[in-house]
Amino acid sequence: MKVLIIGSGGREHAIAKLVRRSSLNPKIFVVMDYRNPGLEREAVETGGKWFVASTTSVGKVLEIANELSPDLIVIGPEEPQFAGVSDALREKGFTVFGASMRCAEIEKSKVFARTVMWKYNIDGRLYFKAFRDVEEARKFIEFAGDVVIKPARQAGGKGVKVLKDTQAYLSKDRSEVKRSYVDKLFTEMSSYRDIDYKIIVEQRVEGVEYTAMVITDGDYVLSLPLIQDHPHAFEYDIGPETGGMGSIQGPGWVLPFITFDEYRKTIEIVSKVLKALYMETKEPYIGAFAGQMMLTGVWGPTVIEFYSRFGDPEISNLVPIVESDFLEILDRAAEKRLAGVKLEINEDVVTIVKAIAPAGYPDDKKLASNHTIYVDENRIRELSCEVLYASVELGSNNMMYTKGSRAFEIVCSGKDYEEAYRKSENAVQFVESLDGWPLFYRRDIGSRELLEDRIRVAKRVREVYMARASNGLLGKVLIWLPGEGVIENPLIGFVR
Amino acid sequence: MLSIYAFDELWNLANTVRYGLMALQHRGLQNYVVCSTGVDVECVEGSDIDVAKSASGHVAIASIHNYENEKTFTIQRSNEYSVVIVAERPWRRIDDFALDLVNMLKTSRNRVEAFTNALSNLQRDSEDVVPSLMVLTKDKEVFVWRSHNGFSPIALGSYGFDMAIAASESVAIDILGGDLKKFLKPGEGIYISRHMLKTFLVNQADAYNGLCLFEFLYLSRHDAIINNVSVYEFRKALGYDLGEYLDKEVDVVVGVPETALPYAIGFSSRVGKPFEVAFVATGGRRRSMLASNPFEKIVAIHLKMNPIRSSLEGKKVAIVDDSMVTGSTIKTVSQILRFRVGVREIHLFIASPPLIRSCPYNVMKLDMQNLLAANLSKELAKSYLEVDSLHWLSIEDVDRVARMFGLRFCGRCLGVNVIGGEEK
């Protein structure tokens with residue numbers, strides 16, 4: 001079976017590894033933006049081919065697909081979806097796993113996603129206000145309180161500013177930062193022509209984050225095990241937001257800090273959003289869909305944002321545990337024959353993924369690029385871990401160069417977190433910078449210490465949301481402004 | 001001490017640093033120094049934190065201190081490179097160290113190695129105990145290092161995606177709306193720069209003596225967390241154990257303000273007698289125990305001791321205090337209770353063992369000749385203080401509670417080396 005994967009990074013490498021095990025005898029073909037040595041190898045070893053081309057160029061991708069006539073095309077990242085690559089391929093009769101441009105709007109536009117949740121009254125929705133105009137945003141932000149400011153368009157997992165404003169004495173300083181940030185974000189977002197709203201201001205919530213991924217053919221929803229990503233750049237959840245510095249999974253379908261009830265509720269929310277999306281677009285959602293969730297005191301399972309694709313690095317956690325024929329599942333989804341399919345996983349192991357990035361990531365891509373880097377894959381395999389190649393490019397001299405984002409993802413599994421953690425800590429040592437440029441990764445991911453902290457936080461918010469549920473207050477935030485009455489608008493701040 | 005690193009340059013930390021220092025100021029120390037980087041490292045010193053406006057950048061280190069003749073911070077420059085260091089307490093070799101460090105940093109690409117080498121280069125002499133340090137370089141890098149001796153804690157926290165905050169007391173992180181993340185181990189450091197945050201360990205032969213017991217007994221706020229232990233709960237537990245020593249009938253239990261309240265609450269729950277508020281303080285919080293000038297000390301005591309007569313008059317009172325140094329606070333209290341309020345009996349309970357040695361590490365400035373327990377017999381002390389009975393917790397009591405919480409303390413001022421077991 002000829003499978004064409006569109007995309008260049010660690011997520012696509014994980015997909016390739018999962019697909020490769022299929023009994024359908026896959027030949028893997030890849031269209032990638034740069035020469036990713038991992039993807040290149042998967043293609044060559046399965047008798048397929050690789051192409052370097054812009055993955056967002058509809059014409060280029062179509063041209064390659066026409067040349068190859070693949071049986072299935074899997075679109076990894078969101079940008080080709082936004083650009084209409086899936087739609088163009090489907091129009092030409094290809095079998096495609098990947099959301100259409102209209103369905104992918106749920107990731108591209110955070111305003112659309114939130115609006116859908118409010119319109120269809122779906123649990124886990126947060127208050128928000130969106131802005132097209134910088135003046136209007138400036139005026140609003142003057143009085144905004146405990147909020148999160150985000151680019152209204154998906155911008156590679158960056159640009160989110162979480163401004164906790166629960167101390168009135170620091171409110172004015174934070175207000176100052178909010179104002180400056182709104183200006184900065186408007187300038188940055190002005191280059192995106194494919195979206196009308198530029199920024200979105202949302203109610204801030206606290207709790208533990210987790211990702212709920214599903215595969216769907218527009219009708220049937222196949223849920224995958226929960227995974228937790230770690231977005232902060234540095235250890236102990238400190239530092240700027242990244243695309244994800246690593247992730248943990250297991251044991252089984254939930255995480256040690258999420259209950260089965262919460263998992264069920266989460267999948268219910270995700271499924272309702274998919275239904276609402278169909279009502280809005282009248283197009284079946286074919287592909288991977290994910291809710292970036294947070295267990296909060298306001299709602300219990302709460303939606304932070306959606307992905308119209310597999311999470312990266314979340315998908316990497318699946319590599320050691322999937323027992324079903326993953327290619328068959330993707331193929332059946334693409335052909336709208338997913339009903340009744342079950343995903344078998346190894347429930348007896350947990351998995352830890354650690355990303356290794358060059359210093360400069362995530363804020364200074366230039367600084368983080370063009371450094372020679374090496375991975376001793378054999379030593380990592382000896383530890384029964386896998387290496388996924390992400391933001392690294394093979395140069396003409398056969399050396400690997402960093403591309404400015406997370407260079408490698410190391411995937412390890414074990415019978416428990418202790419074992420998986422030990423392996424992953426050993427394995428990361430075999431990635432080395434050849435030009436002396438510093439690399440970093442998060443030692444704390446998968447550690448007992450961090451896990452215990454997550455359990456503690458989850459327990460605390462669980463008590464809050466359960467008490468709120470029994471008082472009929474789930475999702476509600478009431479504010480009384482003397483003289484103005486009781487309103488529901490948690491976006492209002494101390495500074496008025 | 002306090003370090004704040006905002007990863008986004010949009011931040012101006014002036015107010016944030018000011019409120020962070022206010023959270024630490026309760027220790028009775030009033031003077032501040034705030035250092036940030038513009039073209040170069042710059043520091044501003046003063047005594048009124050309300051007007052501190054110096055940290056106009058997005059990176060700052062700061063501390064509060066009261067040491068007029070001893071150095072707790074320094075700036076060193078060498079060939080257009082500079083560092084500023086603040087120390088947790090006076091350190092006579094701070095300038096030498098800073099000079100060594102600035103020379104190492106200006107030539108070294110491996111920043112952490114340069115810092116650890118500078119620390120390792122210190123020629124040790126028996127008198128010198130290197131304090132915990134915070135360093136800011138001209139290149140907007142911050143080093144935070146907890147001394148091997150580890151007398152006082154250093155907590156690491158964060159604010160959203162925006163800031164790393166390190167503080168010598170967890171409450172500063174709370175007050176800034178941050179989340180507490182971890183406590184540094186003795187010898188452990190953190191390096192923070194625009195694109196890196198790294199923890200490291202400096203190996204040295206110095207033995208870890210344990211935390212200064214007075215961090216828990218007296219110095220920290222009730223709302224502080226140290227090594228994941230609530231100071232408030234620890235104080236209540238000591239007070240509870242102290243209840244064991246009650247052998248007379250009392251009507252009420254009071255804590256001598258304000259540090260002693262949790263001890264009194266613990267004591268009251270053990271003996272089943274009501275806890276009452278006995279005194280109200282006037283003006284800001286003053287730490288009478290730490291005042292070096294005797295007149296200042298008595299002013300501080302008098303200002304915080306206006307009694308609530310109705311809760312005490314004609315009653316047999318159990319007074320609980322956290323510790324007793326010179327006894328002058330208790331002497332004043334007993335005088336007020338006897339002469340101004342008219343209590344029937346005063347039974348004094350101290351939630352620590354007798355202080356009999358001065359601090360060899362200069363953490364607590366205790367002069368041997370002023371220590372009541374080192375100079376007076378128990379009977380004589382009772383008479384001097386005009387109390388009907390006097391009880392101290394034993395070292396074994398504190399040891400038991402410390403082990404229960406997984407803590408280890410230096411006990412030099414109590415005449416032993418270590419109290420408690422290994423740390424959790």
# chains A, B, ... in the order shown; residues from 1 in each chain; ligands from 1
$ select_by_dssp --residues "segment 384-444 of chain A" --states "alpha helix (DSSP H)" --output "PyMOL selection string"
chain A and resi 417-427
$ closest_atom_pairs --of "segment 120-215 of chain B" --to "segment 363-370 of chain A" --cutoff "12 Å" --atoms "only C-alpha atoms" --output "JSON lines"
{"residue": "B:Arg194", "atom": "CA", "partner": "A:Asp363", "partner_atom": "CA", "distance": 9.1}
{"residue": "B:His195", "atom": "CA", "partner": "A:Asp363", "partner_atom": "CA", "distance": 7.9}
{"residue": "B:Met196", "atom": "CA", "partner": "A:Asp363", "partner_atom": "CA", "distance": 11.3}
$ closest_atom_pairs --of "chain A" --to "chain B" --cutoff "8 Å" --atoms "only C-alpha atoms" --output "Markdown table"
| residue | atom | partner | partner_atom | distance |
| --- | --- | --- | --- | --- |
| A:Lys161 | CA | B:Phe161 | CA | 6.8 |
| A:Val162 | CA | B:Gly160 | CA | 5.6 |
| A:Leu163 | CA | B:Gly160 | CA | 6.9 |
| A:Lys164 | CA | B:Gly177 | CA | 7.1 |
| A:Asp165 | CA | B:Gly177 | CA | 7.7 |
| A:Thr166 | CA | B:Gly177 | CA | 7.0 |
| A:Gln167 | CA | B:Gly177 | CA | 6.7 |
| A:Leu170 | CA | B:Thr16 | CA | 6.9 |
| A:Asp173 | CA | B:Asn15 | CA | 7.3 |
| A:Val177 | CA | B:Leu10 | CA | 6.2 |
| A:Ser180 | CA | B:Leu10 | CA | 6.9 |
| A:Tyr181 | CA | B:Leu10 | CA | 7.5 |
| A:His232 | CA | B:Phe161 | CA | 6.7 |
| A:Phe234 | CA | B:Leu197 | CA | 6.0 |
| A:Glu235 | CA | B:Leu197 | CA | 7.5 |
| A:Tyr236 | CA | B:Lys181 | CA | 6.0 |
| A:Asp237 | CA | B:Ser158 | CA | 7.6 |
| A:Ile238 | CA | B:Ser158 | CA | 5.7 |
| A:Gly239 | CA | B:Phe161 | CA | 5.1 |
| A:Pro240 | CA | B:Phe161 | CA | 4.6 |
| A:Glu241 | CA | B:Phe161 | CA | 5.9 |
| A:Ala359 | CA | B:His195 | CA | 5.6 |
| A:Gly360 | CA | B:His195 | CA | 5.2 |
| A:Tyr361 | CA | B:His195 | CA | 7.1 |
| A:Asp363 | CA | B:His195 | CA | 7.9 |
| A:Phe440 | CA | B:Met196 | CA | 7.6 |
$ residues_around --residues "segment 289-302 of chain A" --least-positions-apart "5" --cutoff "9 Å" --atoms "only C-alpha atoms" --output "NGL selection string"
:A and (99 or 123-126 or 205-216 or 258 or 262-263 or 265-267 or 269-270 or 274 or 307-311 or 458 or 460-469 or 473-477)
$ select_by_dssp --residues "segment 120-361 of chain A" --states "strand (DSSP E)" --output "short mmCIF file (atom, residue, chain, number, x, y, z; two decimals) with N, CA, C and O atoms, in the first residue's frame"
data_model
loop_
_atom_site.label_atom_id
_atom_site.label_comp_id
_atom_site.auth_asym_id
_atom_site.auth_seq_id
_atom_site.Cartn_x
_atom_site.Cartn_y
_atom_site.Cartn_z
N PHE A 128 -14.83 34.81 26.55
CA PHE A 128 -13.79 35.40 25.70
C PHE A 128 -14.31 36.67 25.03
O PHE A 128 -15.50 36.94 25.01
N LYS A 129 -13.38 37.41 24.52
CA LYS A 129 -13.71 38.56 23.68
C LYS A 129 -12.62 38.65 22.62
O LYS A 129 -11.44 38.50 22.94
N ALA A 130 -13.05 38.86 21.38
CA ALA A 130 -12.08 38.87 20.28
C ALA A 130 -12.04 40.23 19.60
O ALA A 130 -13.02 40.98 19.65
N PHE A 131 -10.92 40.54 19.00
CA PHE A 131 -10.73 41.88 18.43
C PHE A 131 -10.13 41.84 17.04
O PHE A 131 -9.17 41.13 16.78
N VAL A 147 -6.90 37.41 32.87
CA VAL A 147 -7.15 36.93 31.51
C VAL A 147 -5.91 36.31 30.86
O VAL A 147 -4.79 36.45 31.34
N VAL A 148 -6.19 35.65 29.76
CA VAL A 148 -5.13 35.13 28.90
C VAL A 148 -5.27 35.84 27.56
O VAL A 148 -6.37 35.95 27.04
N ILE A 149 -4.17 36.36 27.04
CA ILE A 149 -4.22 37.02 25.73
C ILE A 149 -3.55 36.10 24.72
O ILE A 149 -2.44 35.63 24.95
N LYS A 150 -4.27 35.83 23.63
CA LYS A 150 -3.74 34.89 22.64
C LYS A 150 -3.86 35.48 21.24
O LYS A 150 -4.76 36.27 20.99
N PRO A 151 -2.99 35.02 20.34
CA PRO A 151 -3.26 35.34 18.94
C PRO A 151 -4.54 34.60 18.56
O PRO A 151 -4.75 33.46 18.99
N LYS A 161 -0.14 34.73 26.36
CA LYS A 161 0.32 35.40 27.58
C LYS A 161 -0.73 35.19 28.67
O LYS A 161 -1.87 35.60 28.52
N VAL A 162 -0.32 34.50 29.71
CA VAL A 162 -1.23 34.19 30.81
C VAL A 162 -0.97 35.21 31.91
O VAL A 162 0.08 35.19 32.54
N LEU A 163 -1.90 36.12 32.11
CA LEU A 163 -1.65 37.20 33.07
C LEU A 163 -2.55 37.07 34.28
O LEU A 163 -3.63 37.67 34.35
N ILE A 199 -6.69 39.11 17.75
CA ILE A 199 -6.39 38.59 19.09
C ILE A 199 -7.67 38.21 19.84
O ILE A 199 -8.75 38.70 19.54
N ILE A 200 -7.47 37.34 20.79
CA ILE A 200 -8.59 36.90 21.61
C ILE A 200 -8.16 36.99 23.08
O ILE A 200 -7.02 36.67 23.42
N VAL A 201 -9.07 37.50 23.89
CA VAL A 201 -8.80 37.60 25.33
C VAL A 201 -9.75 36.62 26.02
O VAL A 201 -10.96 36.67 25.78
N GLU A 202 -9.19 35.72 26.81
CA GLU A 202 -10.01 34.68 27.42
C GLU A 202 -9.91 34.71 28.94
O GLU A 202 -8.89 35.15 29.49
N GLN A 203 -10.93 34.16 29.57
CA GLN A 203 -10.93 33.94 31.01
C GLN A 203 -9.75 33.02 31.36
O GLN A 203 -9.54 32.00 30.70
N GLY A 207 -5.25 24.78 36.65
CA GLY A 207 -5.48 23.35 36.84
C GLY A 207 -4.39 22.55 36.17
O GLY A 207 -3.30 23.05 35.95
N VAL A 208 -4.71 21.29 35.85
CA VAL A 208 -3.72 20.47 35.14
C VAL A 208 -4.16 20.29 33.69
O VAL A 208 -5.33 20.04 33.41
N GLU A 209 -3.20 20.42 32.79
CA GLU A 209 -3.51 20.28 31.37
C GLU A 209 -3.34 18.85 30.91
O GLU A 209 -2.53 18.11 31.45
N TYR A 210 -4.09 18.49 29.91
CA TYR A 210 -3.92 17.19 29.26
C TYR A 210 -4.51 17.26 27.87
O TYR A 210 -5.29 18.16 27.57
N THR A 211 -4.12 16.31 27.03
CA THR A 211 -4.59 16.33 25.65
C THR A 211 -5.44 15.10 25.40
O THR A 211 -5.04 13.99 25.74
N ALA A 212 -6.62 15.33 24.80
CA ALA A 212 -7.49 14.22 24.43
C ALA A 212 -7.54 14.16 22.91
O ALA A 212 -8.09 15.05 22.27
N MET A 213 -6.92 13.13 22.34
CA MET A 213 -6.90 13.01 20.87
C MET A 213 -7.92 11.96 20.43
O MET A 213 -8.12 10.96 21.11
N VAL A 214 -8.52 12.22 19.30
CA VAL A 214 -9.43 11.23 18.70
C VAL A 214 -9.13 11.13 17.20
O VAL A 214 -8.51 12.02 16.62
N ILE A 215 -9.58 10.02 16.64
CA ILE A 215 -9.57 9.88 15.18
C ILE A 215 -11.02 9.77 14.78
O ILE A 215 -11.81 9.07 15.42
N THR A 216 -11.40 10.50 13.73
CA THR A 216 -12.81 10.46 13.35
C THR A 216 -12.97 10.46 11.83
O THR A 216 -12.11 10.99 11.10
N VAL A 221 -16.34 8.32 16.34
CA VAL A 221 -15.21 8.95 17.03
C VAL A 221 -14.43 7.88 17.81
O VAL A 221 -14.98 7.24 18.70
N LEU A 222 -13.20 7.69 17.43
CA LEU A 222 -12.34 6.71 18.11
C LEU A 222 -11.39 7.46 19.03
O LEU A 222 -10.53 8.21 18.58
N SER A 223 -11.57 7.26 20.35
CA SER A 223 -10.72 8.04 21.25
C SER A 223 -9.41 7.33 21.54
O SER A 223 -9.34 6.10 21.61
N ILE A 227 -2.99 12.03 27.09
CA ILE A 227 -1.55 12.31 27.15
C ILE A 227 -1.36 13.70 27.74
O ILE A 227 -2.21 14.58 27.55
N GLN A 228 -0.30 13.89 28.48
CA GLN A 228 -0.04 15.24 28.98
C GLN A 228 1.22 15.82 28.35
O GLN A 228 2.30 15.24 28.42
N ASP A 229 1.03 17.00 27.78
CA ASP A 229 2.14 17.75 27.18
C ASP A 229 2.73 18.68 28.25
O ASP A 229 2.08 18.95 29.27
N HIS A 232 5.83 24.56 28.94
CA HIS A 232 6.86 25.52 29.35
C HIS A 232 8.25 25.05 28.88
O HIS A 232 8.54 23.86 28.89
N ALA A 233 9.10 26.03 28.56
CA ALA A 233 10.42 25.69 28.02
C ALA A 233 11.30 25.00 29.07
O ALA A 233 12.04 24.08 28.75
N PHE A 234 11.20 25.45 30.32
CA PHE A 234 12.19 25.01 31.30
C PHE A 234 11.58 24.16 32.41
O PHE A 234 10.37 24.10 32.57
N ILE A 238 8.60 26.39 34.18
CA ILE A 238 9.04 27.78 34.17
C ILE A 238 9.42 28.14 32.73
O ILE A 238 9.88 27.28 31.97
N GLY A 239 9.26 29.42 32.40
CA GLY A 239 9.75 29.90 31.12
C GLY A 239 8.70 29.96 30.05
O GLY A 239 7.55 29.57 30.26
N PRO A 240 9.08 30.47 28.87
CA PRO A 240 8.13 30.76 27.82
C PRO A 240 7.42 29.53 27.27
O PRO A 240 7.91 28.40 27.41
N GLU A 241 6.31 29.77 26.62
CA GLU A 241 5.53 28.68 26.04
C GLU A 241 6.21 28.16 24.77
O GLU A 241 6.69 28.93 23.95
N GLY A 246 7.81 17.89 25.89
CA GLY A 246 7.75 16.47 26.20
C GLY A 246 6.36 16.11 26.69
O GLY A 246 5.54 17.00 26.93
N SER A 247 6.11 14.81 26.80
CA SER A 247 4.77 14.40 27.18
C SER A 247 4.80 13.04 27.86
O SER A 247 5.75 12.27 27.69
N ILE A 248 3.77 12.79 28.64
CA ILE A 248 3.68 11.51 29.34
C ILE A 248 2.33 10.85 29.05
O ILE A 248 1.35 11.54 28.78
N GLN A 249 2.32 9.53 29.13
CA GLN A 249 1.08 8.79 28.86
C GLN A 249 1.02 7.56 29.74
O GLN A 249 2.04 6.93 29.99
N GLY A 287 -10.10 12.82 10.00
CA GLY A 287 -8.72 13.02 10.43
C GLY A 287 -8.58 12.93 11.93
O GLY A 287 -9.43 12.36 12.62
N ALA A 288 -7.49 13.50 12.41
CA ALA A 288 -7.24 13.51 13.85
C ALA A 288 -7.77 14.82 14.41
O ALA A 288 -7.71 15.86 13.74
N PHE A 289 -8.27 14.77 15.62
CA PHE A 289 -8.79 15.96 16.28
C PHE A 289 -8.39 15.86 17.74
O PHE A 289 -8.38 14.77 18.31
N ALA A 290 -8.03 16.99 18.32
CA ALA A 290 -7.59 16.93 19.72
C ALA A 290 -8.10 18.12 20.51
O ALA A 290 -8.16 19.24 20.00
N GLY A 291 -8.47 17.84 21.73
CA GLY A 291 -8.82 18.90 22.66
C GLY A 291 -7.64 19.11 23.60
O GLY A 291 -7.21 18.17 24.26
N GLN A 292 -7.11 20.33 23.59
CA GLN A 292 -6.11 20.67 24.61
C GLN A 292 -6.92 21.07 25.82
O GLN A 292 -7.55 22.13 25.83
N MET A 293 -6.95 20.22 26.82
CA MET A 293 -7.88 20.37 27.93
C MET A 293 -7.15 20.81 29.20
O MET A 293 -5.94 20.68 29.32
N MET A 294 -7.96 21.31 30.13
CA MET A 294 -7.42 21.55 31.47
C MET A 294 -8.52 21.16 32.46
O MET A 294 -9.68 21.49 32.27
N LEU A 295 -8.11 20.44 33.48
CA LEU A 295 -9.05 20.14 34.55
C LEU A 295 -9.07 21.37 35.46
O LEU A 295 -8.05 21.70 36.07
N THR A 296 -10.21 22.06 35.51
CA THR A 296 -10.26 23.31 36.27
C THR A 296 -11.36 23.27 37.32
O THR A 296 -12.29 22.46 37.23
N GLY A 300 -14.41 21.55 35.71
CA GLY A 300 -13.87 20.20 35.56
C GLY A 300 -13.16 20.21 34.21
O GLY A 300 -12.43 21.18 33.92
N PRO A 301 -13.40 19.21 33.33
CA PRO A 301 -12.75 19.25 32.02
C PRO A 301 -13.12 20.53 31.24
O PRO A 301 -14.30 20.82 31.04
N THR A 302 -12.10 21.28 30.86
CA THR A 302 -12.29 22.59 30.24
C THR A 302 -11.43 22.68 28.99
O THR A 302 -10.30 22.20 28.98
N VAL A 303 -11.98 23.32 27.96
CA VAL A 303 -11.25 23.39 26.70
C VAL A 303 -10.33 24.61 26.67
O VAL A 303 -10.76 25.73 26.89
N ILE A 304 -9.06 24.37 26.42
CA ILE A 304 -8.11 25.48 26.24
C ILE A 304 -8.05 25.83 24.75
O ILE A 304 -8.17 26.98 24.37
N GLU A 305 -7.86 24.82 23.92
CA GLU A 305 -7.96 25.03 22.48
C GLU A 305 -8.06 23.68 21.77
O GLU A 305 -8.00 22.63 22.42
N PHE A 306 -8.25 23.73 20.46
CA PHE A 306 -8.36 22.49 19.69
C PHE A 306 -7.23 22.39 18.67
O PHE A 306 -6.74 23.39 18.18
N TYR A 307 -6.87 21.14 18.34
CA TYR A 307 -5.96 20.89 17.23
C TYR A 307 -6.73 20.10 16.17
O TYR A 307 -7.46 19.17 16.52
N VAL A 350 3.89 2.64 30.58
CA VAL A 350 3.72 4.09 30.47
C VAL A 350 4.80 4.60 29.52
O VAL A 350 5.82 3.93 29.33
N THR A 351 4.56 5.74 28.93
CA THR A 351 5.55 6.29 28.00
C THR A 351 5.89 7.73 28.34
O THR A 351 5.03 8.49 28.80
N ILE A 352 7.15 8.04 28.12
CA ILE A 352 7.63 9.41 28.36
C ILE A 352 8.35 9.88 27.09
O ILE A 352 9.18 9.15 26.55
N VAL A 353 8.00 11.07 26.65
CA VAL A 353 8.68 11.67 25.50
C VAL A 353 9.41 12.91 25.99
O VAL A 353 8.84 13.72 26.72
N LYS A 354 10.67 13.03 25.59
CA LYS A 354 11.41 14.25 25.93
C LYS A 354 11.94 14.89 24.66
O LYS A 354 12.57 14.22 23.84
N ALA A 355 11.66 16.17 24.54
CA ALA A 355 12.15 16.91 23.38
C ALA A 355 13.47 17.58 23.75
O ALA A 355 13.65 18.01 24.89
N ILE A 356 14.38 17.63 22.79
CA ILE A 356 15.66 18.30 23.02
C ILE A 356 15.77 19.44 22.02
O ILE A 356 15.57 19.25 20.81
N ALA A 357 16.03 20.63 22.56
CA ALA A 357 16.01 21.82 21.69
C ALA A 357 17.29 22.62 21.86
O ALA A 357 17.92 22.59 22.91
N PRO A 358 17.67 23.34 20.81
CA PRO A 358 18.83 24.22 20.93
C PRO A 358 18.46 25.51 21.67
O PRO A 358 17.34 25.99 21.52
#
$ residues_around --residues "segment 332-334 of chain A" --least-positions-apart "4" --cutoff "10 Å" --atoms "only C-alpha atoms" --output "list in words"
Leu72, Ile73, Val74, Phe94, Thr95, Val96, Phe97, Gly98, Ala99, Ile215, Thr216, Asp217, Gly218, Asp219, Tyr220, Val221, Leu222, Tyr285, Ile286, Gly287, Ala288, Phe326, Leu327, Glu328, Leu338, Ala339 and Val341 of chain A
$ atom_distance --atom1 "atom CA of Glu80 of chain B" --atom2 "atom CA of Val102 of chain B"
10.2 Å
$ residues_around --residues "segment 364-375 of chain B" --least-positions-apart "6" --cutoff "6 Å" --atoms "only C-alpha atoms" --output "list in words"
Val325, Thr326, Pro354, Leu355, Ile356, Arg357 and Ser358 of chain B
$ residues_around --residues "segment 334-342 of chain B" --least-positions-apart "3" --cutoff "9 Å" --atoms "only C-alpha atoms" --output "JSON, numbers by chain"
{"B": [305, 306, 307, 308, 309, 310, 312, 313, 314, 315, 329, 330, 331, 345, 346, 385, 386, 387]}
